[in-house]
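Heads up, work_23.txt below (compact mmCIF, C-alpha atoms):
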```txt
# COMPACT_ATOMS: atom_id res chain seq x y z
CA MET A 1 12.94 24.11 9.02
CA ALA A 2 12.90 25.65 5.53
CA LEU A 3 15.48 23.12 4.29
CA THR A 4 13.32 20.29 5.66
CA PHE A 5 10.28 21.52 3.73
CA VAL A 6 12.29 21.87 0.51
CA THR A 7 13.70 18.35 0.95
CA LEU A 8 10.19 16.99 1.52
CA ILE A 9 8.96 18.55 -1.72
CA ILE A 10 11.96 17.31 -3.73
CA SER A 11 11.65 13.77 -2.36
CA ALA A 12 7.89 13.74 -3.10
CA ILE A 13 8.60 14.77 -6.71
CA LEU A 14 11.25 12.04 -6.96
CA ILE A 15 8.76 9.46 -5.70
CA TYR A 16 6.12 10.56 -8.21
CA LEU A 17 8.48 10.50 -11.22
CA SER A 18 9.84 7.13 -10.09
CA CYS A 19 6.29 5.79 -9.81
CA GLU A 20 5.64 6.87 -13.41
CA LEU A 21 8.60 4.73 -14.47
CA PHE A 22 7.64 1.88 -12.14
CA VAL A 23 4.01 1.42 -13.22
CA ASN A 24 5.10 1.52 -16.86
CA GLY A 25 7.89 -1.00 -16.27
CA ILE A 26 5.90 -3.39 -14.07
CA GLU A 27 3.17 -3.71 -16.71
CA TRP A 28 5.82 -4.74 -19.24
CA VAL A 29 7.22 -7.22 -16.71
CA GLY A 30 3.77 -8.79 -16.42
CA LEU A 31 3.48 -9.04 -20.19
CA ARG A 32 7.00 -10.43 -20.62
CA TYR A 33 6.59 -13.14 -17.99
CA ASN A 34 2.97 -14.04 -18.77
CA ILE A 35 1.61 -12.87 -15.41
CA SER A 36 -2.08 -12.01 -15.01
CA LYS A 37 -3.02 -8.34 -14.83
CA ASN A 38 -4.45 -8.80 -11.34
CA ALA A 39 -1.25 -10.42 -10.05
CA VAL A 40 0.77 -7.57 -11.58
CA GLY A 41 -1.10 -5.26 -9.18
CA THR A 42 -1.52 -7.47 -6.11
CA ILE A 43 1.94 -9.10 -6.14
CA LEU A 44 4.52 -7.39 -8.37
CA ALA A 45 3.52 -3.76 -7.90
CA ALA A 46 2.50 -4.30 -4.28
CA PHE A 47 5.80 -5.94 -3.42
CA GLY A 48 7.72 -3.00 -4.85
CA THR A 49 5.65 -0.22 -3.34
CA ALA A 50 5.37 -1.94 0.06
CA LEU A 51 9.15 -1.98 0.47
CA PRO A 52 9.45 1.51 2.08
CA GLU A 53 7.06 0.82 4.97
CA SER A 54 8.40 -2.71 5.43
CA VAL A 55 11.93 -1.33 5.69
CA VAL A 56 10.77 1.27 8.24
CA THR A 57 9.21 -1.48 10.38
CA PHE A 58 12.21 -3.79 9.98
CA ILE A 59 14.78 -1.17 11.01
CA ALA A 60 12.66 0.05 13.93
CA VAL A 61 11.81 -3.31 15.51
CA VAL A 62 15.04 -5.20 14.76
CA PHE A 63 17.65 -2.50 15.26
CA GLY A 64 15.75 -0.16 17.57
CA THR A 65 17.70 0.40 20.78
CA ASN A 66 14.85 1.72 22.94
CA ALA A 67 11.09 1.39 23.42
CA ASN A 68 10.31 4.58 21.46
CA GLN A 69 12.09 3.33 18.33
CA LYS A 70 10.33 -0.04 18.53
CA ASP A 71 7.00 1.77 19.01
CA ILE A 72 7.56 3.49 15.67
CA GLY A 73 7.87 0.08 14.01
CA VAL A 74 4.68 -1.25 15.62
CA GLY A 75 2.86 1.97 14.77
CA ALA A 76 3.96 1.70 11.14
CA ALA A 77 2.63 -1.87 11.00
CA LEU A 78 -0.79 -0.59 12.13
CA GLY A 79 -0.72 2.84 10.49
CA GLY A 80 0.08 1.52 7.01
CA PRO A 81 -3.09 -0.58 6.64
CA LEU A 82 -5.13 2.28 8.12
CA VAL A 83 -3.91 4.73 5.48
CA LEU A 84 -4.34 2.23 2.64
CA SER A 85 -7.83 1.11 3.67
CA THR A 86 -9.08 4.69 3.99
CA LEU A 87 -7.09 7.41 2.23
CA ALA A 88 -5.63 5.29 -0.58
CA TYR A 89 -9.01 3.89 -1.62
CA ALA A 90 -10.53 7.37 -1.33
CA ILE A 91 -7.87 8.81 -3.62
CA VAL A 92 -8.76 6.19 -6.24
CA GLY A 93 -12.35 7.41 -6.03
CA LEU A 94 -11.31 11.06 -6.26
CA GLY A 95 -9.05 10.23 -9.21
CA ILE A 96 -11.90 8.56 -11.08
CA ILE A 97 -14.10 11.61 -10.53
CA PHE A 98 -11.34 14.10 -11.42
CA PHE A 99 -10.19 12.30 -14.60
CA ARG A 100 -13.67 11.12 -15.66
CA LYS A 101 -13.68 13.16 -18.91
CA LYS A 102 -10.34 11.70 -20.02
CA ARG A 103 -11.10 8.09 -19.09
CA VAL A 104 -12.60 5.46 -21.40
CA HIS A 105 -14.95 4.27 -18.64
CA GLY A 106 -15.72 7.77 -17.40
CA ILE A 107 -16.89 7.65 -13.81
CA ASN A 108 -17.64 3.91 -13.97
CA ILE A 109 -15.22 1.46 -12.34
CA ASP A 110 -13.67 -1.41 -14.29
CA LEU A 111 -13.12 -4.20 -11.74
CA SER A 112 -14.02 -7.70 -10.63
CA ASN A 113 -16.26 -7.29 -7.57
CA SER A 114 -15.77 -10.90 -6.50
CA LYS A 115 -11.97 -10.76 -6.78
CA LEU A 116 -11.57 -7.46 -4.92
CA GLY A 117 -14.15 -8.60 -2.35
CA ARG A 118 -12.18 -11.82 -1.78
CA ASP A 119 -9.02 -9.78 -1.20
CA GLN A 120 -10.81 -7.70 1.44
CA LEU A 121 -11.90 -10.90 3.24
CA TRP A 122 -8.34 -12.28 3.09
CA PHE A 123 -7.07 -9.08 4.65
CA LEU A 124 -9.84 -8.74 7.23
CA GLY A 125 -9.43 -12.30 8.53
CA ILE A 126 -5.68 -11.89 8.99
CA PHE A 127 -5.98 -8.36 10.37
CA VAL A 128 -8.53 -9.32 13.04
CA PHE A 129 -6.14 -12.02 14.28
CA LYS A 130 -3.25 -9.54 14.18
CA VAL A 131 -5.16 -6.99 16.30
CA ALA A 132 -6.37 -9.65 18.75
CA LEU A 133 -2.75 -10.61 19.45
CA GLY A 134 -2.14 -7.02 20.57
CA PHE A 135 -4.25 -7.60 23.69
CA VAL A 136 -2.89 -10.92 24.95
CA VAL A 137 0.37 -12.22 26.40
CA PHE A 138 1.43 -15.87 26.25
CA ARG A 139 4.65 -17.85 26.00
CA GLY A 140 4.47 -18.85 22.34
CA LYS A 141 3.32 -15.49 21.01
CA PRO A 142 6.49 -14.73 18.96
CA LEU A 143 5.94 -17.99 17.06
CA MET A 144 2.68 -16.56 15.70
CA ALA A 145 4.87 -14.46 13.39
CA PHE A 146 5.48 -17.50 11.19
CA LEU A 147 1.72 -17.98 10.71
CA PHE A 148 1.54 -14.50 9.17
CA LEU A 149 4.43 -15.27 6.82
CA ALA A 150 2.75 -18.55 5.85
CA ALA A 151 -0.52 -16.70 5.19
CA TYR A 152 1.21 -14.33 2.80
CA GLY A 153 2.95 -17.25 1.10
CA LEU A 154 -0.44 -18.87 0.48
CA TYR A 155 -1.86 -15.60 -0.87
CA PHE A 156 1.17 -15.16 -3.11
CA PHE A 157 0.84 -18.58 -4.76
CA THR A 158 -2.93 -18.20 -5.10
CA GLU A 159 -2.50 -14.93 -7.00
CA MET A 160 0.40 -16.03 -9.16
CA LYS A 161 -1.28 -19.18 -10.44
CA GLU A 162 -4.07 -17.18 -12.12
CA THR A 163 -4.14 -17.43 -15.90
CA ALA A 164 -2.61 -14.44 -17.68
CA ASP A 165 -5.23 -12.20 -19.29
CA ASN A 166 -3.08 -9.50 -20.90
CA HIS A 167 -1.91 -11.18 -24.11
CA ASN A 168 -3.68 -8.72 -26.40
CA GLU A 169 -3.22 -5.64 -24.25
CA ILE A 170 -1.50 -2.68 -25.89
CA LEU A 171 0.80 -1.00 -23.40
CA GLU A 172 2.30 2.45 -23.48
CA PRO A 173 5.87 2.38 -24.84
CA LEU A 174 8.55 1.62 -22.28
CA LYS A 175 9.83 4.97 -20.98
CA PHE A 176 13.46 3.91 -21.47
CA ARG A 177 12.75 2.77 -25.05
CA PRO A 178 9.94 5.09 -26.23
CA LYS A 179 10.44 4.40 -29.96
CA THR A 180 10.49 0.61 -29.63
CA LYS A 181 7.17 -1.26 -29.88
CA ASN A 182 8.64 -4.44 -28.43
CA PRO A 183 11.40 -3.44 -25.97
CA GLU A 184 14.07 -5.92 -24.94
CA THR A 185 13.49 -7.67 -21.61
CA ARG A 186 16.75 -6.31 -20.19
CA TRP A 187 15.51 -2.74 -20.67
CA VAL A 188 12.18 -3.62 -19.03
CA LEU A 189 14.00 -5.00 -15.98
CA VAL A 190 16.51 -2.11 -15.83
CA GLN A 191 13.71 0.47 -15.81
CA THR A 192 11.65 -1.45 -13.24
CA PHE A 193 14.46 -2.07 -10.75
CA LEU A 194 15.97 1.40 -11.14
CA SER A 195 12.60 3.05 -10.54
CA LEU A 196 12.07 0.78 -7.52
CA ALA A 197 15.43 1.85 -6.09
CA LEU A 198 14.53 5.52 -6.60
CA ILE A 199 11.17 4.98 -4.89
CA ALA A 200 12.94 3.43 -1.90
CA VAL A 201 15.46 6.28 -1.69
CA GLY A 202 12.81 8.97 -2.08
CA SER A 203 10.57 7.35 0.55
CA GLN A 204 13.37 7.04 3.09
CA VAL A 205 14.38 10.68 2.61
CA PHE A 206 10.72 11.71 2.95
CA VAL A 207 10.24 9.70 6.17
CA LYS A 208 13.51 10.91 7.70
CA ASN A 209 12.62 14.55 7.07
CA LEU A 210 9.11 14.04 8.40
CA ASP A 211 10.64 12.66 11.58
CA HIS A 212 12.93 15.72 11.81
CA LEU A 213 9.94 18.00 11.31
CA SER A 214 7.84 16.19 13.91
CA LEU A 215 10.64 16.31 16.49
CA ALA A 216 11.12 20.02 15.83
CA ILE A 217 7.47 20.71 16.65
CA GLY A 218 7.37 18.25 19.56
CA ILE A 219 5.19 15.35 18.36
CA ALA A 220 5.43 12.07 20.31
CA PRO A 221 6.93 8.95 18.63
CA HIS A 222 3.71 6.90 18.61
CA ILE A 223 1.87 9.80 16.93
CA ILE A 224 4.64 9.96 14.32
CA ALA A 225 4.25 6.24 13.77
CA LEU A 226 0.49 6.33 13.30
CA PHE A 227 0.06 9.59 11.39
CA LEU A 228 3.19 10.82 9.65
CA SER A 229 5.37 7.84 8.73
CA PRO A 230 2.55 5.73 7.20
CA ILE A 231 1.32 8.59 5.02
CA ALA A 232 4.87 9.07 3.77
CA THR A 233 5.64 5.41 3.19
CA GLU A 234 2.30 4.79 1.46
CA LEU A 235 3.02 7.53 -1.10
CA PRO A 236 4.16 5.02 -3.77
CA GLU A 237 0.84 3.11 -3.60
CA ILE A 238 -1.14 6.34 -3.62
CA LEU A 239 0.80 7.83 -6.53
CA ASN A 240 0.63 4.56 -8.45
CA ALA A 241 -3.14 4.64 -7.97
CA VAL A 242 -3.38 8.18 -9.34
CA ILE A 243 -1.30 7.28 -12.40
CA TRP A 244 -3.24 4.09 -13.17
CA VAL A 245 -6.64 5.75 -12.61
CA ARG A 246 -5.64 8.55 -14.97
CA GLN A 247 -4.82 5.89 -17.58
CA GLY A 248 -8.18 4.17 -17.05
CA LYS A 249 -6.58 1.18 -15.28
CA GLU A 250 -8.31 1.39 -11.92
CA ARG A 251 -8.31 -2.43 -11.73
CA LEU A 252 -4.53 -2.27 -11.39
CA ALA A 253 -4.76 0.64 -8.94
CA LEU A 254 -7.18 -1.22 -6.68
CA ALA A 255 -5.19 -4.45 -6.99
CA ASN A 256 -2.01 -2.61 -6.00
CA ILE A 257 -3.69 -1.23 -2.87
CA SER A 258 -5.29 -4.54 -1.84
CA GLY A 259 -2.03 -6.42 -2.49
CA SER A 260 -0.05 -3.89 -0.46
CA MET A 261 -2.55 -4.27 2.37
CA MET A 262 -1.96 -8.03 2.36
CA ILE A 263 1.78 -7.44 2.72
CA GLN A 264 1.14 -4.90 5.47
CA ALA A 265 -1.11 -7.33 7.32
CA THR A 266 1.51 -10.07 7.31
CA VAL A 267 5.20 -9.21 6.80
CA PRO A 268 5.62 -6.07 8.99
CA SER A 269 3.26 -7.64 11.54
CA ALA A 270 5.39 -10.78 11.66
CA LEU A 271 8.45 -8.63 12.35
CA GLY A 272 6.65 -6.73 15.09
CA ILE A 273 5.34 -9.88 16.78
CA LEU A 274 8.76 -11.54 16.60
CA PHE A 275 10.86 -8.64 17.90
CA THR A 276 8.54 -6.65 20.20
CA PRO A 277 6.00 -7.47 22.96
CA TRP A 278 3.24 -6.51 20.43
CA ILE A 279 0.98 -4.92 23.04
CA PHE A 280 -1.42 -2.20 21.90
CA ASP A 281 -2.26 1.07 23.60
CA SER A 282 -5.51 2.94 22.93
CA TYR A 283 -4.10 4.66 19.82
CA LEU A 284 -3.05 1.40 18.18
CA ALA A 285 -6.37 -0.20 19.11
CA LEU A 286 -8.25 2.66 17.47
CA ALA A 287 -6.13 2.36 14.32
CA GLY A 288 -6.99 -1.33 14.13
CA PHE A 289 -10.69 -0.70 14.76
CA PHE A 290 -11.13 1.96 12.07
CA THR A 291 -9.14 -0.12 9.58
CA MET A 292 -11.49 -3.06 10.11
CA VAL A 293 -14.58 -0.86 9.87
CA SER A 294 -13.39 0.67 6.59
CA ILE A 295 -12.62 -2.72 5.04
CA ALA A 296 -15.96 -4.13 6.22
CA PHE A 297 -17.71 -1.16 4.58
CA LEU A 298 -15.87 -1.72 1.28
CA TRP A 299 -16.54 -5.47 1.37
CA LEU A 300 -20.28 -4.92 1.89
CA THR A 301 -20.48 -2.50 -1.04
CA LEU A 302 -18.61 -4.99 -3.23
CA LYS A 303 -20.86 -7.84 -2.13
CA LYS A 304 -23.94 -5.79 -3.08
CA TYR A 305 -22.30 -4.68 -6.38
CA GLN A 306 -22.68 -1.06 -5.26
CA LEU A 307 -19.04 0.05 -5.32
CA SER A 308 -18.64 3.45 -6.97
CA ALA A 309 -16.21 6.34 -7.01
CA ASN A 310 -18.32 8.13 -4.42
CA LYS A 311 -18.34 5.08 -2.13
CA LEU A 312 -14.55 4.88 -2.37
CA VAL A 313 -14.28 8.55 -1.40
CA LEU A 314 -16.39 7.85 1.68
CA ALA A 315 -13.61 5.56 2.97
CA ALA A 316 -11.65 8.70 3.88
CA GLY A 317 -14.34 9.42 6.47
CA PHE A 318 -13.08 6.55 8.62
CA TYR A 319 -9.62 8.13 8.72
CA VAL A 320 -11.19 11.46 9.72
CA CYS A 321 -13.09 9.66 12.50
CA PHE A 322 -9.82 8.11 13.68
CA VAL A 323 -8.07 11.48 13.79
CA VAL A 324 -10.94 13.14 15.65
CA THR A 325 -11.15 10.29 18.20
CA VAL A 326 -7.39 10.39 18.85
CA ALA A 327 -7.54 14.17 19.24
CA LEU A 328 -10.34 13.85 21.81
CA ILE A 329 -8.42 11.23 23.79
CA HIS A 330 -5.17 13.19 23.59
CA SER A 331 -6.74 16.50 24.69
```
What would you get if you wrote out this structure as C-alpha cells?
Amino acid sequence: MALTFVTLIISAILIYLSCELFVNGIEWVGLRYNISKNAVGTILAAFGTALPESVVTFIAVVFGTNANQKDIGVGAALGGPLVLSTLAYAIVGLGIIFFRKKRVHGINIDLSNSKLGRDQLWFLGIFVFKVALGFVVFRGKPLMAFLFLAAYGLYFFTEMKETADNHNEILEPLKFRPKTKNPETRWVLVQTFLSLALIAVGSQVFVKNLDHLSLAIGIAPHIIALFLSPIATELPEILNAVIWVRQGKERLALANISGSMMIQATVPSALGILFTPWIFDSYLALAGFFTMVSIAFLWLTLKKYQLSANKLVLAAGFYVCFVVTVALIHS
C-alpha cells in the first residue's frame, strides 16, 4: 500500500512537469504553423491531453475480456466529461482567484463568451444524444458510433479554419532552448511530442496504481470507472489549466477543457457504442444528468455575460451533488 501511494505521488509530479513542457511547446507549435490561439487550446492541446482517457476507454472496451473490464471503459466515457464539466472548470475559477495578484487581468476573465458558449452547445447537443442511446436497444445502434466520429470531424475542421490571431504574441522561451528567442521548429516538435509521451506514461501509471489501490480497499469496478479513473486521466487538462491560468492565459485553459470535452463526447463514446451494448445503469445515468446540468449552467452564465471566477467554482457543486446522490443510492 505504501509503495502504491509513493508511485501515485511520483507519477502525479511527472504529469505536472510534463504539462509544463507541453503547454510551452504547444503554444510554439501554434505560432509556427499559424494556428489560431483558440484552436491551439480546443484542438492541439485537447488532442494531446485527451489521449490518456481515450486510451483507457479503448483498451477496456476493445480488449476487455469480461463485463467488468468493459464497464470500466463505458464509465470512463461518462466519467471524463463529468469531471471536466465540473471539477476542471471549478479549478480554473479557483486558479484565477488564487493567482489574481500575479495576473495581468487580476480576477477578471479574458475570454470570448460567444465562442465558449458555442462550444458548450456543441458538447451539450452531442452529449444528450449520447446519453439517450444508453437507454435504448435497436439493431443499428453500433452504427451510431460513426455519427459521433463525424461530429468530431466537423468540429475539428470548424476550429482549425479560424484565422490565426497570435502573430504578435510574445511567448515564453521554449524550455528546451531557453536562450533562443526564435527556436528551431524541430526543437519545438521534439519538446511537444516528448512531453506528450511523458504525460501518457505518467497517466497510465497513475491509473494503474489507482486501480490497485481501489481493489485493495474493495471498490467495485463501475465506481472505479466513474470516480477514480476519470479524475486520474483528466489530470493533464486540470494541470494545464492551472499553468495557463497562472500565466494569465485562461482563454487557453478554458479552450483546452472545452476541446477535451468535445473529444470525450465523441471518440470514447464511439468506441463504447461500437464495442459494448452501451446500456446505462443508475450510476451512469446520474453522471450524464449532472454533466448536462453543469454545462447548461455554464452556458446560461455565458449567454448572460455573467461568467466569473466564482461562477466557475460553483460548477464543482454539481460534482458534489453527484457524489452525494450516488452515496445515498449505494447505502
Cut-off 12 Å around (-0.9, -0.4, 9.5) with all atoms listed in the file: residues as a PyMOL selection string: chain A and resi 50+53-54+56-57+72-86+123+127+130-131+225-231+233-234+260-269+272+283-292
Deliver the residues from the most recent selection as a file, using C-alpha atoms, as a PDB file, in the coordinates of the input.
```
ATOM      1  CA  ALA A  50       5.370  -1.940   0.060  1.00  0.00           C
ATOM      2  CA  GLU A  53       7.060   0.820   4.970  1.00  0.00           C
ATOM      3  CA  SER A  54       8.400  -2.710   5.430  1.00  0.00           C
ATOM      4  CA  VAL A  56      10.770   1.270   8.240  1.00  0.00           C
ATOM      5  CA  THR A  57       9.210  -1.480  10.380  1.00  0.00           C
ATOM      6  CA  ILE A  72       7.560   3.490  15.670  1.00  0.00           C
ATOM      7  CA  GLY A  73       7.870   0.080  14.010  1.00  0.00           C
ATOM      8  CA  VAL A  74       4.680  -1.250  15.620  1.00  0.00           C
ATOM      9  CA  GLY A  75       2.860   1.970  14.770  1.00  0.00           C
ATOM     10  CA  ALA A  76       3.960   1.700  11.140  1.00  0.00           C
ATOM     11  CA  ALA A  77       2.630  -1.870  11.000  1.00  0.00           C
ATOM     12  CA  LEU A  78      -0.790  -0.590  12.130  1.00  0.00           C
ATOM     13  CA  GLY A  79      -0.720   2.840  10.490  1.00  0.00           C
ATOM     14  CA  GLY A  80       0.080   1.520   7.010  1.00  0.00           C
ATOM     15  CA  PRO A  81      -3.090  -0.580   6.640  1.00  0.00           C
ATOM     16  CA  LEU A  82      -5.130   2.280   8.120  1.00  0.00           C
ATOM     17  CA  VAL A  83      -3.910   4.730   5.480  1.00  0.00           C
ATOM     18  CA  LEU A  84      -4.340   2.230   2.640  1.00  0.00           C
ATOM     19  CA  SER A  85      -7.830   1.110   3.670  1.00  0.00           C
ATOM     20  CA  THR A  86      -9.080   4.690   3.990  1.00  0.00           C
ATOM     21  CA  PHE A 123      -7.070  -9.080   4.650  1.00  0.00           C
ATOM     22  CA  PHE A 127      -5.980  -8.360  10.370  1.00  0.00           C
ATOM     23  CA  LYS A 130      -3.250  -9.540  14.180  1.00  0.00           C
ATOM     24  CA  VAL A 131      -5.160  -6.990  16.300  1.00  0.00           C
ATOM     25  CA  ALA A 225       4.250   6.240  13.770  1.00  0.00           C
ATOM     26  CA  LEU A 226       0.490   6.330  13.300  1.00  0.00           C
ATOM     27  CA  PHE A 227       0.060   9.590  11.390  1.00  0.00           C
ATOM     28  CA  LEU A 228       3.190  10.820   9.650  1.00  0.00           C
ATOM     29  CA  SER A 229       5.370   7.840   8.730  1.00  0.00           C
ATOM     30  CA  PRO A 230       2.550   5.730   7.200  1.00  0.00           C
ATOM     31  CA  ILE A 231       1.320   8.590   5.020  1.00  0.00           C
ATOM     32  CA  THR A 233       5.640   5.410   3.190  1.00  0.00           C
ATOM     33  CA  GLU A 234       2.300   4.790   1.460  1.00  0.00           C
ATOM     34  CA  SER A 260      -0.050  -3.890  -0.460  1.00  0.00           C
ATOM     35  CA  MET A 261      -2.550  -4.270   2.370  1.00  0.00           C
ATOM     36  CA  MET A 262      -1.960  -8.030   2.360  1.00  0.00           C
ATOM     37  CA  ILE A 263       1.780  -7.440   2.720  1.00  0.00           C
ATOM     38  CA  GLN A 264       1.140  -4.900   5.470  1.00  0.00           C
ATOM     39  CA  ALA A 265      -1.110  -7.330   7.320  1.00  0.00           C
ATOM     40  CA  THR A 266       1.510 -10.070   7.310  1.00  0.00           C
ATOM     41  CA  VAL A 267       5.200  -9.210   6.800  1.00  0.00           C
ATOM     42  CA  PRO A 268       5.620  -6.070   8.990  1.00  0.00           C
ATOM     43  CA  SER A 269       3.260  -7.640  11.540  1.00  0.00           C
ATOM     44  CA  GLY A 272       6.650  -6.730  15.090  1.00  0.00           C
ATOM     45  CA  TYR A 283      -4.100   4.660  19.820  1.00  0.00           C
ATOM     46  CA  LEU A 284      -3.050   1.400  18.180  1.00  0.00           C
ATOM     47  CA  ALA A 285      -6.370  -0.200  19.110  1.00  0.00           C
ATOM     48  CA  LEU A 286      -8.250   2.660  17.470  1.00  0.00           C
ATOM     49  CA  ALA A 287      -6.130   2.360  14.320  1.00  0.00           C
ATOM     50  CA  GLY A 288      -6.990  -1.330  14.130  1.00  0.00           C
ATOM     51  CA  PHE A 289     -10.690  -0.700  14.760  1.00  0.00           C
ATOM     52  CA  PHE A 290     -11.130   1.960  12.070  1.00  0.00           C
ATOM     53  CA  THR A 291      -9.140  -0.120   9.580  1.00  0.00           C
ATOM     54  CA  MET A 292     -11.490  -3.060  10.110  1.00  0.00           C
TER      55      MET A 292
END
```
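Going from CA of Leu44 (chain A) over to CA of Ile295 (chain A), you cover 22.3 Å.
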Nearest residue to Ser11 (chain A) out of A:Leu298, A:Ala255, A:Val201, A:Val313, using all atoms listed in the file? A:Val201
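All residues that come within 12 Å of the coordinates (5.9, 12.3, -10.6), counting all atoms listed in the file, are given as A:Ile9, A:Ile10, A:Ser11, A:Ala12, A:Ile13, A:Leu14, A:Ile15, A:Tyr16, A:Leu17, A:Ser18, A:Cys19, A:Glu20, A:Leu21, A:Phe22, A:Val23, A:Ser195, A:Leu198, A:Ile199, A:Gly202, A:Leu235, A:Pro236, A:Ile238, A:Leu239, A:Asn240, A:Val242, A:Ile243.
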What's the separation between CA of Ala316 (chain A) and CA of Glu250 (chain A), in Å to one decimal place?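 Going from CA of Ala316 (chain A) over to CA of Glu250 (chain A) covers 17.7 Å.
Using all atoms listed in the file for every distance, the candidate list A:Ile126, A:Glu27, A:Leu3, A:Lys101 yields A:Glu27 as the residue closest to Leu189 (chain A).
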Residue nearest Lys249 (chain A) among A:Gly134, A:Gly41, A:Gly117, A:Gly140 (counting all atoms listed in the file):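 Selected residue with least distance to Lys249 (chain A): A:Gly41.
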Between A:Val188, A:Ile107, A:Leu252, A:Ile59, which residue has the minimum interatomic distance to Gln204 (chain A), considering all atoms listed in the file?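 Closest to Gln204 (chain A), using all atoms listed in the file: A:Ile59.
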Residue contacts of region 169-183 of chain A (9 Å, all atoms listed in the file) excluding same-chain residues fewer than 2 positions away, as a list in words: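 With the cut-off at 9 Å, the set is Glu20, Leu21, Asn24, Gly25, Glu27, Trp28, Leu31, Asp165, Asn166, His167, Thr185, Arg186, Trp187, Val188, Val190 and Gln191 of chain A.
Residue nearest Leu300 (chain A), chosen from A:Ile273, A:Leu196, A:Ile329, A:Leu121 and counting only C-alpha atoms: A:Leu121.
The space separating CA of Trp244 (chain A) from CA of Ile96 (chain A) comes to 10.0 Å.
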Any idea what's packed within 8 Å of Glu237 (chain A), counting all atoms listed in the file, ignoring anything in its chain fewer than 6 positions away? Could you give it as number ranges by chain? A: 46, 49-50, 88, 256-257, 260
